[in-house]
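Trainee: Quick one: this structure, given as structure tokens, is what I'll be asking you about.
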Amino acid sequence: MKRVLALFFISTLLTGGVMAQSGRITPKDTPTDATIIQLNDLTPEQMFAEASVYAKTKFAEYEQKKIPYSTALHDRTVLEQRQLAAKYATVMSERRNLSGDDFYYLGMLNWYARNDDRAKENLYKFIPLERSPSEKAQTARSVIVIISAQTKDFDAAEKFLKEYLQNEPIKIAERGRMESELADAYRANNDLARAAVHAEESYRAAKALFKDWNSRARGISEVLGAATKAFQIYDDAGKQPEADKTLDDLRETGVLNQSNGIFYTAVDMKIKYLIETNRKPLAMQTYADALAQSVKDFSEKKVQDDLVKSLKKRLKHYQVLGETAPEIVDIDKWMPGNAQTLASLRGKVILLDFWATWCAPCIEAFPSLIAWHENYGKDGFVILGMTRYYGEVKAAKADFAAEFSYLDNFRKTHRLPYEIGVAKGQANQINYGAMSIPTTVLIDRKGVVRYVELGTSASRSEEIRKFIEKLLAEK
């Protein structure tokens, strides 16, 4: 198992990140009398200590035994930890002599088990018992803020955040998590002004913590996530100067930390945002400046080369964004057979999916494409699959007729319900910068290219879905 992955999941567990995503957990087994007697020998602190390090201990065990990491293994371990926490919480709650720190341990066990109401109830009891500043009281406050934000109890969330900031110790990681949860909650409640305040604090915390995470990859992920959230909130609110400033700051953060990933993401987001807000000349100037800056501001030659290569790979996408979509050309046949042109589809939102039968990520995208076809077709949404002849079938040479037959059977096997154009050459890929696949292009009702991205992932799929809905809402 890769140590970085293990550490990532452990740290997520210990901060409550994974636990905040699922429902309440109950004990896996009802404790028998014998079990209860045995458990009653444990103090509340011992129960909490065992449950809180369960996942960390198991991951270390897997690593020692060289058990390969898998999502299923991770999920099973997380569930086991939650069930253990729930079991201990059940046993502890039956005790009549709880006092002091016992309420903290019981509250945290319920937090790990995702029994939020009981967690808050016991942490509420614990905090007034702490006469002086303490780490436990601060953690208790942070958990109450998170739970309150997720349930949109904004008064409680703000009250305990204020108390947290008035006491010691203040942990940047805890503050960042609270601010992030509040930003999400206010954004979901369409209170973008308050969301922006908390998103800014979350981003500030992520930058301060960058070098403290157990892996550089985690630091990069936290910074990008927090910055993106702040940017999106400003974009939603129509705060263009603030959105610009956030992306400019993110780019500077990339230079400061010599992170080509942060720098590239900031530049890419800024160029797309400038084009989306009708500032394309400035967008293209930003592209040229970034090419020069990548050589000037990064000391390692490999980093410079990687940045230049990545930016140049995007140039065609930037050029086509915000422009009238190039017409589809050089199509030999359509499957199932209804010829399509972009001109004839004007007034609809169009998704061009550039793919090939040998491309595994392309195939992974099929379920999402089928769902979007079914869910949004009635609203004026059309998908056109775009592929071409490669001169072979399963690594064996094939002529157009044989390859088309294979493609048609492939389409039927995967039950693709939309039209697919089979091109003779690469003209369409060149026109849209789709030389790597899968590439997704979204065209608005006016026939303008609004989105071009490479690759497939859960986050990318969600990004595309939201952009489809955005374009469909435009009239």
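To be explicit about the labels: the chains of the structure tokens are called A, B, and onward in the order shown, and within each one the residues are counted from 1, while ligands get numbers from 1 in the order they are shown.
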Name the residues in contact with Lys313 in chain A at a cut-off of 12 Å, using only C-alpha atoms, excluding same-chain residues fewer than 2 positions from it; report them as a count of residues only.

Mentor: 23

Trainee: Got a sec: who's within 8 Å of range 331-335 of chain A, counting only C-alpha atoms, leaving out chain neighbours fewer than 2 positions off, as a PyMOL selection string?

Mentor: chain A and resi 328-329+337-339+408+419-424

Trainee: For the residues selected in the previous step, produce a file with C-alpha atoms as a PDB file, in the first residue's frame.

Mentor:
ATOM      1  CA  ILE A 328     -18.427  19.189 -38.093  1.00  0.00           C
ATOM      2  CA  VAL A 329     -16.644  18.000 -41.230  1.00  0.00           C
ATOM      3  CA  GLY A 337     -27.750   7.047 -39.336  1.00  0.00           C
ATOM      4  CA  ASN A 338     -29.248  10.532 -38.898  1.00  0.00           C
ATOM      5  CA  ALA A 339     -26.734  13.026 -40.263  1.00  0.00           C
ATOM      6  CA  ASP A 408     -21.692  -0.024 -34.830  1.00  0.00           C
ATOM      7  CA  GLU A 419     -25.865   9.949 -32.727  1.00  0.00           C
ATOM      8  CA  ILE A 420     -22.200   9.161 -33.315  1.00  0.00           C
ATOM      9  CA  GLY A 421     -20.249  10.536 -36.259  1.00  0.00           C
ATOM     10  CA  VAL A 422     -17.380   8.493 -37.709  1.00  0.00           C
ATOM     11  CA  ALA A 423     -14.865  10.767 -39.415  1.00  0.00           C
ATOM     12  CA  LYS A 424     -12.402   9.798 -42.118  1.00  0.00           C
TER      13      LYS A 424
END

Trainee: If you count only C-alpha atoms, which residues fall within 8 Å of Met178 in chain A, apart from same-chain ones fewer than 5 positions away, as a ChimeraX atom specification?

Mentor: /A:142,145-146,161,202

Trainee: Calculate how many Å separate CA of Ala266 in chain A from CA of Leu250 in chain A, rounding to one decimal.

Mentor: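 A separation of 5.7 Å between them.
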
Trainee: To one decimal place in Å, what is the distance between CA of Asp297 in chain A and CA of Leu282 in chain A?

Mentor: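 Distance between the two atoms: 20.8 Å.
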
Trainee: So that I can check the surroundings of Tyr390 in chain A, please list as a PDB file with N, CA, C and O atoms, in the first residue's frame every protein, DNA and RNA residue that reaches within 10 Å of it, counting only C-alpha atoms and ignoring chain neighbours fewer than 6 positions away.

Mentor:
ATOM      1  N   ALA A 356     -12.804   6.992 -28.523  1.00  0.00           N
ATOM      2  CA  ALA A 356     -12.410   5.857 -29.364  1.00  0.00           C
ATOM      3  C   ALA A 356     -12.700   4.570 -28.609  1.00  0.00           C
ATOM      4  O   ALA A 356     -12.774   4.564 -27.371  1.00  0.00           O
ATOM      5  N   THR A 357     -12.848   3.498 -29.335  1.00  0.00           N
ATOM      6  CA  THR A 357     -13.214   2.216 -28.708  1.00  0.00           C
ATOM      7  C   THR A 357     -12.115   1.684 -27.809  1.00  0.00           C
ATOM      8  O   THR A 357     -12.386   0.937 -26.862  1.00  0.00           O
ATOM      9  N   LYS A 397      -5.244  -4.794 -38.660  1.00  0.00           N
ATOM     10  CA  LYS A 397      -5.581  -3.831 -39.697  1.00  0.00           C
ATOM     11  C   LYS A 397      -6.989  -4.085 -40.227  1.00  0.00           C
ATOM     12  O   LYS A 397      -7.421  -5.234 -40.362  1.00  0.00           O
ATOM     13  N   ALA A 398      -7.705  -2.991 -40.532  1.00  0.00           N
ATOM     14  CA  ALA A 398      -9.080  -3.123 -41.032  1.00  0.00           C
ATOM     15  C   ALA A 398      -9.400  -1.966 -41.967  1.00  0.00           C
ATOM     16  O   ALA A 398      -8.915  -0.847 -41.774  1.00  0.00           O
ATOM     17  N   ASP A 399     -10.242  -2.229 -42.973  1.00  0.00           N
ATOM     18  CA  ASP A 399     -10.663  -1.159 -43.869  1.00  0.00           C
ATOM     19  C   ASP A 399     -11.852  -0.432 -43.247  1.00  0.00           C
ATOM     20  O   ASP A 399     -12.359  -0.809 -42.186  1.00  0.00           O
ATOM     21  N   PHE A 400     -12.316   0.632 -43.916  1.00  0.00           N
ATOM     22  CA  PHE A 400     -13.400   1.441 -43.373  1.00  0.00           C
ATOM     23  C   PHE A 400     -14.645   0.607 -43.080  1.00  0.00           C
ATOM     24  O   PHE A 400     -15.283   0.755 -42.026  1.00  0.00           O
ATOM     25  N   GLU A 403     -14.168  -1.611 -39.989  1.00  0.00           N
ATOM     26  CA  GLU A 403     -14.080  -0.827 -38.759  1.00  0.00           C
ATOM     27  C   GLU A 403     -15.431  -0.210 -38.401  1.00  0.00           C
ATOM     28  O   GLU A 403     -15.807  -0.161 -37.224  1.00  0.00           O
ATOM     29  N   ALA A 423     -15.584   9.922 -38.459  1.00  0.00           N
ATOM     30  CA  ALA A 423     -14.865  10.767 -39.415  1.00  0.00           C
ATOM     31  C   ALA A 423     -13.778   9.977 -40.141  1.00  0.00           C
ATOM     32  O   ALA A 423     -13.237   9.007 -39.621  1.00  0.00           O
ATOM     33  N   LYS A 424     -13.457  10.441 -41.334  1.00  0.00           N
ATOM     34  CA  LYS A 424     -12.402   9.798 -42.118  1.00  0.00           C
ATOM     35  C   LYS A 424     -11.006  10.177 -41.598  1.00  0.00           C
ATOM     36  O   LYS A 424     -10.071   9.399 -41.715  1.00  0.00           O
ATOM     37  N   GLY A 425     -10.894  11.393 -41.055  1.00  0.00           N
ATOM     38  CA  GLY A 425      -9.593  11.864 -40.605  1.00  0.00           C
ATOM     39  C   GLY A 425      -9.683  12.649 -39.311  1.00  0.00           C
ATOM     40  O   GLY A 425     -10.664  12.543 -38.566  1.00  0.00           O
ATOM     41  N   GLN A 426      -8.672  13.485 -39.039  1.00  0.00           N
ATOM     42  CA  GLN A 426      -8.547  14.177 -37.762  1.00  0.00           C
ATOM     43  C   GLN A 426      -9.010  15.626 -37.783  1.00  0.00           C
ATOM     44  O   GLN A 426      -8.785  16.354 -36.815  1.00  0.00           O
TER      45      GLN A 426
END

Trainee: Please measure the separation of CA of Leu274 in chain A and CA of Val382 in chain A, giving the value in Å to one decimal.

Mentor: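 Answer for the CA of Leu274 in chain A to CA of Val382 in chain A separation: 26.6 Å.
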
Trainee: If you run DSSP on the backbone here, which positions in range 143-265 of chain A get helix (DSSP H, G or I)? Please write them as number ranges by chain.

Mentor: A: 143-150, 154-166, 172-188, 192-208, 210-212, 216-236, 240-256, 260-265

Trainee: Between A:Met269, A:Ile147, A:Ala396, A:Leu209, which has the minimum distance to Lys171 in chain A (counting only C-alpha atoms)?

Mentor: A:Leu209

Trainee: With a distance cut-off of 7 Å and only C-alpha atoms, select the neighbouring residues of Asp444 in chain A, excluding the residue or stretch itself and same-chain residues fewer than 4 positions from it, and output the selection as a PyMOL selection string.

Mentor: chain A and resi 348-350+448-450+471
